[in-house]
Each structure stands twice: as C-alpha cells, then as structure tokens.
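The structure appears below as structure tokens.
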Amino acid sequence: MNSEQSLPPHENVLRTEHWRVAHAFDTGLPGWLVIVATRHIRSLAELSADSAAELGRLQWALSVALGTVVGCEKTYVMQFSEADGFSHLHVHVVPRMAGIAADLKGPRIFALLGVAGEKRILEQEMDRLAAEIGPLAADALG
C-alpha cells in the first residue's frame, strides 16, 4: 500500500493531478480545508499553468461542496505558507458561516485554527465531512 492510500480520509479528502485536499487537523471549524501541492513548491509563481488552472477550479469546487455540506454562506481562500514547518505551498479554503461573530470575520477566522485539543473537530467528524465533501467536489470538477 502506498502512502497516499494509507492516509485517513480527512487527510485525503480529494486528490487531483497537482493537489491533495485535507481537513485542517487543529481547527474548531468543521470543513476548514487545506489544499496542498503534491510537489514541493514555496510560491504560487512556481506553479505550472496547468497546476494553477487546476487550483482555481479546485477552490471553486470545494467552495460549492462546502456550501452543500456545512451550509456556509461563502468561503474564505487564503495562502501564506509562512509558519515554521509550513513553507510548502498550501491554500486554506475556509467556510464562513452565516451569523459568525464579528470578531471572527476576515483574517480573524484564524482564531479557529490551532485551537486546544478539546475545542478541535474530532477525527471521526473530519472523516465524515471528507466522505461528503470529496465526492461533491469531484462531481463539480467533472
């Protein structure tokens, strides 16, 4: 079995030629997704035209799926790749729910990432979400 197949569902929500989608592991927000490049790159400028086009379609497809699965009003899409140990290109696709507290809107949504253990989404719930989000996003991609 290769390493891709041995990943739990929440770490392998969807896979394309250039990208792998995972549910964020340290969040209190159901559906916080991370799109990770399958080859080591540090900047969007390093993408091929094909991988850049695929990233755009993937962000759209995941946003559609998140709207259906978690009922979000919109999604936030962010890419920094600056934290220690996380310089590899990855893109956050974050559900922004209706009625979210004002102090969590925009970049302040990151208060829901890196949360303490008891506030984190359980792996079983991340796996359940992955099982719903992945096929819907794949269908949207065609």
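Labels used: A, B, ... for chains in the order of the structure tokens, numbers from 1 for residues in each chain, and numbers from 1 for ligands as shown.
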Near region 56-66 of chain A, within 6 Å and counting only C-alpha atoms, which residues show up once chain neighbours fewer than 4 positions away are dropped, as an mmCIF file with N, CA and C atoms, in the first residue's frame?
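New file out.cif:
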data_model
loop_
_atom_site.group_PDB
_atom_site.id
_atom_site.type_symbol
_atom_site.label_atom_id
_atom_site.label_comp_id
_atom_site.auth_asym_id
_atom_site.auth_seq_id
_atom_site.Cartn_x
_atom_site.Cartn_y
_atom_site.Cartn_z
ATOM 1 N N VAL A 70 -21.712 21.932 4.742
ATOM 2 C CA VAL A 70 -21.747 22.632 6.036
ATOM 3 C C VAL A 70 -22.667 23.844 6.024
ATOM 4 N N ILE A 133 -17.706 15.826 1.361
ATOM 5 C CA ILE A 133 -17.134 16.926 0.580
ATOM 6 C C ILE A 133 -16.386 16.420 -0.654
ATOM 7 N N LEU A 136 -18.620 15.362 -3.702
ATOM 8 C CA LEU A 136 -19.318 16.519 -4.268
ATOM 9 C C LEU A 136 -18.362 17.417 -5.052
ATOM 10 N N ALA A 137 -17.184 17.645 -4.495
ATOM 11 C CA ALA A 137 -16.196 18.478 -5.201
ATOM 12 C C ALA A 137 -15.725 17.788 -6.477
ATOM 13 N N ALA A 140 -18.297 18.266 -9.110
ATOM 14 C CA ALA A 140 -18.271 19.633 -9.641
ATOM 15 C C ALA A 140 -17.119 19.807 -10.623
#
Rows by chain and residue number, region 7-85 of chain A within 7 Å of region 98-120 of chain A, shortest pair, only C-alpha atoms, as a tab-separated table:
residue	atom	partner	partner_atom	distance
A:Asp26	CA	A:Gly114	CA	5.0
A:Thr27	CA	A:Leu113	CA	4.4
A:Gly28	CA	A:Arg120	CA	4.5
A:Leu29	CA	A:Leu112	CA	6.3
A:Cys72	CA	A:Ala98	CA	6.5
A:Glu73	CA	A:Ala98	CA	5.4
Residues flagged strand (DSSP E) by DSSP in chain A, as a PDB file with N, CA and C atoms, in the first residue's frame:
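Written output follows (selection-v1.pdb):
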ATOM      1  N   LEU A  14      -9.705  14.803  -1.236  1.00  0.00           N
ATOM      2  CA  LEU A  14      -9.760  14.777  -2.692  1.00  0.00           C
ATOM      3  C   LEU A  14      -8.336  14.903  -3.202  1.00  0.00           C
ATOM      4  N   ARG A  15      -8.063  14.247  -4.300  1.00  0.00           N
ATOM      5  CA  ARG A  15      -6.733  14.305  -4.896  1.00  0.00           C
ATOM      6  C   ARG A  15      -6.892  14.557  -6.394  1.00  0.00           C
ATOM      7  N   TRP A  19      -2.689  18.373  -6.707  1.00  0.00           N
ATOM      8  CA  TRP A  19      -3.105  18.817  -5.374  1.00  0.00           C
ATOM      9  C   TRP A  19      -3.707  17.687  -4.555  1.00  0.00           C
ATOM     10  N   ARG A  20      -3.569  17.804  -3.238  1.00  0.00           N
ATOM     11  CA  ARG A  20      -4.258  16.927  -2.285  1.00  0.00           C
ATOM     12  C   ARG A  20      -4.992  17.828  -1.309  1.00  0.00           C
ATOM     13  N   VAL A  21      -6.224  17.481  -0.984  1.00  0.00           N
ATOM     14  CA  VAL A  21      -7.040  18.263  -0.059  1.00  0.00           C
ATOM     15  C   VAL A  21      -7.158  17.505   1.253  1.00  0.00           C
ATOM     16  N   ALA A  22      -6.956  18.234   2.355  1.00  0.00           N
ATOM     17  CA  ALA A  22      -7.082  17.658   3.698  1.00  0.00           C
ATOM     18  C   ALA A  22      -7.966  18.572   4.541  1.00  0.00           C
ATOM     19  N   HIS A  23      -8.586  17.983   5.543  1.00  0.00           N
ATOM     20  CA  HIS A  23      -9.281  18.787   6.545  1.00  0.00           C
ATOM     21  C   HIS A  23      -8.219  19.266   7.525  1.00  0.00           C
ATOM     22  N   LEU A  33     -10.665  23.419   5.157  1.00  0.00           N
ATOM     23  CA  LEU A  33      -9.876  22.575   4.260  1.00  0.00           C
ATOM     24  C   LEU A  33      -8.545  23.231   3.912  1.00  0.00           C
ATOM     25  N   VAL A  34      -7.590  22.394   3.572  1.00  0.00           N
ATOM     26  CA  VAL A  34      -6.280  22.857   3.138  1.00  0.00           C
ATOM     27  C   VAL A  34      -5.939  22.114   1.850  1.00  0.00           C
ATOM     28  N   ILE A  35      -5.626  22.875   0.815  1.00  0.00           N
ATOM     29  CA  ILE A  35      -5.189  22.316  -0.462  1.00  0.00           C
ATOM     30  C   ILE A  35      -3.663  22.348  -0.453  1.00  0.00           C
ATOM     31  N   VAL A  36      -3.059  21.186  -0.623  1.00  0.00           N
ATOM     32  CA  VAL A  36      -1.601  21.064  -0.527  1.00  0.00           C
ATOM     33  C   VAL A  36      -1.042  20.637  -1.881  1.00  0.00           C
ATOM     34  N   ALA A  37      -0.007  21.325  -2.339  1.00  0.00           N
ATOM     35  CA  ALA A  37       0.659  20.943  -3.584  1.00  0.00           C
ATOM     36  C   ALA A  37       1.293  19.569  -3.421  1.00  0.00           C
ATOM     37  N   LYS A  74     -20.357  31.654   2.459  1.00  0.00           N
ATOM     38  CA  LYS A  74     -19.289  31.876   1.489  1.00  0.00           C
ATOM     39  C   LYS A  74     -18.060  31.163   2.006  1.00  0.00           C
ATOM     40  N   THR A  75     -16.991  31.189   1.230  1.00  0.00           N
ATOM     41  CA  THR A  75     -15.721  30.645   1.704  1.00  0.00           C
ATOM     42  C   THR A  75     -14.656  31.730   1.632  1.00  0.00           C
ATOM     43  N   TYR A  76     -13.719  31.618   2.546  1.00  0.00           N
ATOM     44  CA  TYR A  76     -12.504  32.427   2.515  1.00  0.00           C
ATOM     45  C   TYR A  76     -11.417  31.549   1.896  1.00  0.00           C
ATOM     46  N   VAL A  77     -10.598  32.134   1.033  1.00  0.00           N
ATOM     47  CA  VAL A  77      -9.474  31.421   0.447  1.00  0.00           C
ATOM     48  C   VAL A  77      -8.220  32.223   0.758  1.00  0.00           C
ATOM     49  N   MET A  78      -7.240  31.555   1.417  1.00  0.00           N
ATOM     50  CA  MET A  78      -6.038  32.258   1.876  1.00  0.00           C
ATOM     51  C   MET A  78      -4.813  31.392   1.648  1.00  0.00           C
ATOM     52  N   HIS A  90       0.461  25.781   0.441  1.00  0.00           N
ATOM     53  CA  HIS A  90      -0.842  25.241   0.792  1.00  0.00           C
ATOM     54  C   HIS A  90      -1.839  26.398   0.842  1.00  0.00           C
ATOM     55  N   VAL A  91      -3.075  26.093   0.498  1.00  0.00           N
ATOM     56  CA  VAL A  91      -4.136  27.092   0.394  1.00  0.00           C
ATOM     57  C   VAL A  91      -5.273  26.681   1.318  1.00  0.00           C
ATOM     58  N   HIS A  92      -5.693  27.607   2.172  1.00  0.00           N
ATOM     59  CA  HIS A  92      -6.819  27.366   3.075  1.00  0.00           C
ATOM     60  C   HIS A  92      -8.119  27.725   2.372  1.00  0.00           C
ATOM     61  N   VAL A  93      -9.098  26.831   2.443  1.00  0.00           N
ATOM     62  CA  VAL A  93     -10.454  27.101   1.972  1.00  0.00           C
ATOM     63  C   VAL A  93     -11.341  26.931   3.204  1.00  0.00           C
ATOM     64  N   VAL A  94     -11.850  28.051   3.688  1.00  0.00           N
ATOM     65  CA  VAL A  94     -12.476  28.089   5.000  1.00  0.00           C
ATOM     66  C   VAL A  94     -13.947  28.481   4.874  1.00  0.00           C
ATOM     67  N   PRO A  95     -14.856  27.651   5.386  1.00  0.00           N
ATOM     68  CA  PRO A  95     -16.273  28.011   5.343  1.00  0.00           C
ATOM     69  C   PRO A  95     -16.560  29.202   6.265  1.00  0.00           C
ATOM     70  N   ARG A  96     -17.252  30.178   5.725  1.00  0.00           N
ATOM     71  CA  ARG A  96     -17.665  31.344   6.533  1.00  0.00           C
ATOM     72  C   ARG A  96     -19.169  31.222   6.723  1.00  0.00           C
TER      73      ARG A  96
END
Of the listed residues A:His88, A:Glu123, A:Glu17, A:Leu141, that which approaches Ser48 (chain A) most closely, counting only C-alpha atoms | A:Glu17
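Excluding Ser87 (chain A) itself and same-chain residues fewer than 4 positions from it, the residues having an atom within 10 Å of it are A:His40, A:Ile41, A:Arg42, A:Ser43, A:Phe80, A:Ser81, A:Glu82, A:Ala83, counting only C-alpha atoms.
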So which residues of region 25-131 of chain A fall under alpha helix (DSSP H) by DSSP, listed as a PyMOL selection string?
-> chain A and resi 49-69+123-131
Kindly save the residues from that selection, with N, CA and C atoms included, as a PDB file, in the first residue's frame.
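In the end it all went to selection_33.pdb:
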ATOM      1  N   ALA A  49       1.263  26.406 -15.495  1.00  0.00           N
ATOM      2  CA  ALA A  49      -0.047  26.921 -15.894  1.00  0.00           C
ATOM      3  C   ALA A  49      -1.141  25.892 -15.610  1.00  0.00           C
ATOM      4  N   ASP A  50      -0.847  24.613 -15.840  1.00  0.00           N
ATOM      5  CA  ASP A  50      -1.837  23.563 -15.587  1.00  0.00           C
ATOM      6  C   ASP A  50      -2.173  23.438 -14.102  1.00  0.00           C
ATOM      7  N   SER A  51      -1.154  23.474 -13.231  1.00  0.00           N
ATOM      8  CA  SER A  51      -1.442  23.340 -11.805  1.00  0.00           C
ATOM      9  C   SER A  51      -2.147  24.580 -11.263  1.00  0.00           C
ATOM     10  N   ALA A  52      -1.846  25.742 -11.815  1.00  0.00           N
ATOM     11  CA  ALA A  52      -2.547  26.965 -11.401  1.00  0.00           C
ATOM     12  C   ALA A  52      -4.017  26.915 -11.815  1.00  0.00           C
ATOM     13  N   ALA A  53      -4.269  26.467 -13.031  1.00  0.00           N
ATOM     14  CA  ALA A  53      -5.659  26.357 -13.502  1.00  0.00           C
ATOM     15  C   ALA A  53      -6.418  25.332 -12.671  1.00  0.00           C
ATOM     16  N   GLU A  54      -5.762  24.219 -12.368  1.00  0.00           N
ATOM     17  CA  GLU A  54      -6.399  23.191 -11.552  1.00  0.00           C
ATOM     18  C   GLU A  54      -6.702  23.723 -10.155  1.00  0.00           C
ATOM     19  N   LEU A  55      -5.799  24.524  -9.587  1.00  0.00           N
ATOM     20  CA  LEU A  55      -6.027  25.119  -8.265  1.00  0.00           C
ATOM     21  C   LEU A  55      -7.268  26.004  -8.270  1.00  0.00           C
ATOM     22  N   GLY A  56      -7.421  26.813  -9.287  1.00  0.00           N
ATOM     23  CA  GLY A  56      -8.601  27.677  -9.373  1.00  0.00           C
ATOM     24  C   GLY A  56      -9.894  26.884  -9.415  1.00  0.00           C
ATOM     25  N   ARG A  57      -9.926  25.867 -10.243  1.00  0.00           N
ATOM     26  CA  ARG A  57     -11.135  25.029 -10.334  1.00  0.00           C
ATOM     27  C   ARG A  57     -11.378  24.276  -9.030  1.00  0.00           C
ATOM     28  N   LEU A  58     -10.310  23.835  -8.391  1.00  0.00           N
ATOM     29  CA  LEU A  58     -10.433  23.097  -7.137  1.00  0.00           C
ATOM     30  C   LEU A  58     -10.990  23.992  -6.027  1.00  0.00           C
ATOM     31  N   GLN A  59     -10.519  25.226  -5.926  1.00  0.00           N
ATOM     32  CA  GLN A  59     -11.048  26.160  -4.928  1.00  0.00           C
ATOM     33  C   GLN A  59     -12.552  26.369  -5.143  1.00  0.00           C
ATOM     34  N   TRP A  60     -12.947  26.519  -6.388  1.00  0.00           N
ATOM     35  CA  TRP A  60     -14.367  26.686  -6.712  1.00  0.00           C
ATOM     36  C   TRP A  60     -15.171  25.438  -6.336  1.00  0.00           C
ATOM     37  N   ALA A  61     -14.681  24.251  -6.733  1.00  0.00           N
ATOM     38  CA  ALA A  61     -15.408  23.001  -6.471  1.00  0.00           C
ATOM     39  C   ALA A  61     -15.538  22.739  -4.976  1.00  0.00           C
ATOM     40  N   LEU A  62     -14.489  23.014  -4.218  1.00  0.00           N
ATOM     41  CA  LEU A  62     -14.559  22.836  -2.767  1.00  0.00           C
ATOM     42  C   LEU A  62     -15.523  23.826  -2.137  1.00  0.00           C
ATOM     43  N   SER A  63     -15.556  25.038  -2.646  1.00  0.00           N
ATOM     44  CA  SER A  63     -16.495  26.039  -2.129  1.00  0.00           C
ATOM     45  C   SER A  63     -17.935  25.611  -2.376  1.00  0.00           C
ATOM     46  N   VAL A  64     -18.206  25.060  -3.543  1.00  0.00           N
ATOM     47  CA  VAL A  64     -19.542  24.544  -3.855  1.00  0.00           C
ATOM     48  C   VAL A  64     -19.895  23.413  -2.884  1.00  0.00           C
ATOM     49  N   ALA A  65     -18.974  22.478  -2.715  1.00  0.00           N
ATOM     50  CA  ALA A  65     -19.223  21.336  -1.829  1.00  0.00           C
ATOM     51  C   ALA A  65     -19.415  21.777  -0.378  1.00  0.00           C
ATOM     52  N   LEU A  66     -18.603  22.716   0.084  1.00  0.00           N
ATOM     53  CA  LEU A  66     -18.752  23.207   1.465  1.00  0.00           C
ATOM     54  C   LEU A  66     -20.108  23.875   1.672  1.00  0.00           C
ATOM     55  N   GLY A  67     -20.573  24.603   0.675  1.00  0.00           N
ATOM     56  CA  GLY A  67     -21.897  25.222   0.784  1.00  0.00           C
ATOM     57  C   GLY A  67     -22.982  24.186   1.004  1.00  0.00           C
ATOM     58  N   THR A  68     -22.879  23.073   0.320  1.00  0.00           N
ATOM     59  CA  THR A  68     -23.853  21.996   0.455  1.00  0.00           C
ATOM     60  C   THR A  68     -23.694  21.251   1.778  1.00  0.00           C
ATOM     61  N   VAL A  69     -22.476  20.902   2.135  1.00  0.00           N
ATOM     62  CA  VAL A  69     -22.235  20.027   3.289  1.00  0.00           C
ATOM     63  C   VAL A  69     -22.338  20.762   4.618  1.00  0.00           C
ATOM     64  N   GLU A 123     -11.490  13.536  14.844  1.00  0.00           N
ATOM     65  CA  GLU A 123     -11.101  12.872  13.604  1.00  0.00           C
ATOM     66  C   GLU A 123     -12.283  12.175  12.934  1.00  0.00           C
ATOM     67  N   GLN A 124     -13.152  11.562  13.729  1.00  0.00           N
ATOM     68  CA  GLN A 124     -14.312  10.879  13.156  1.00  0.00           C
ATOM     69  C   GLN A 124     -15.198  11.871  12.404  1.00  0.00           C
ATOM     70  N   GLU A 125     -15.361  13.062  12.946  1.00  0.00           N
ATOM     71  CA  GLU A 125     -16.174  14.079  12.281  1.00  0.00           C
ATOM     72  C   GLU A 125     -15.465  14.582  11.025  1.00  0.00           C
ATOM     73  N   MET A 126     -14.147  14.759  11.089  1.00  0.00           N
ATOM     74  CA  MET A 126     -13.409  15.176   9.900  1.00  0.00           C
ATOM     75  C   MET A 126     -13.524  14.118   8.802  1.00  0.00           C
ATOM     76  N   ASP A 127     -13.452  12.839   9.179  1.00  0.00           N
ATOM     77  CA  ASP A 127     -13.602  11.760   8.205  1.00  0.00           C
ATOM     78  C   ASP A 127     -14.999  11.775   7.585  1.00  0.00           C
ATOM     79  N   ARG A 128     -16.019  12.003   8.408  1.00  0.00           N
ATOM     80  CA  ARG A 128     -17.392  12.068   7.893  1.00  0.00           C
ATOM     81  C   ARG A 128     -17.541  13.210   6.895  1.00  0.00           C
ATOM     82  N   LEU A 129     -17.008  14.384   7.258  1.00  0.00           N
ATOM     83  CA  LEU A 129     -17.062  15.529   6.353  1.00  0.00           C
ATOM     84  C   LEU A 129     -16.313  15.245   5.057  1.00  0.00           C
ATOM     85  N   ALA A 130     -15.151  14.621   5.164  1.00  0.00           N
ATOM     86  CA  ALA A 130     -14.355  14.282   3.981  1.00  0.00           C
ATOM     87  C   ALA A 130     -15.146  13.382   3.034  1.00  0.00           C
ATOM     88  N   ALA A 131     -15.884  12.415   3.605  1.00  0.00           N
ATOM     89  CA  ALA A 131     -16.664  11.481   2.800  1.00  0.00           C
ATOM     90  C   ALA A 131     -17.786  12.181   2.045  1.00  0.00           C
TER      91      ALA A 131
END
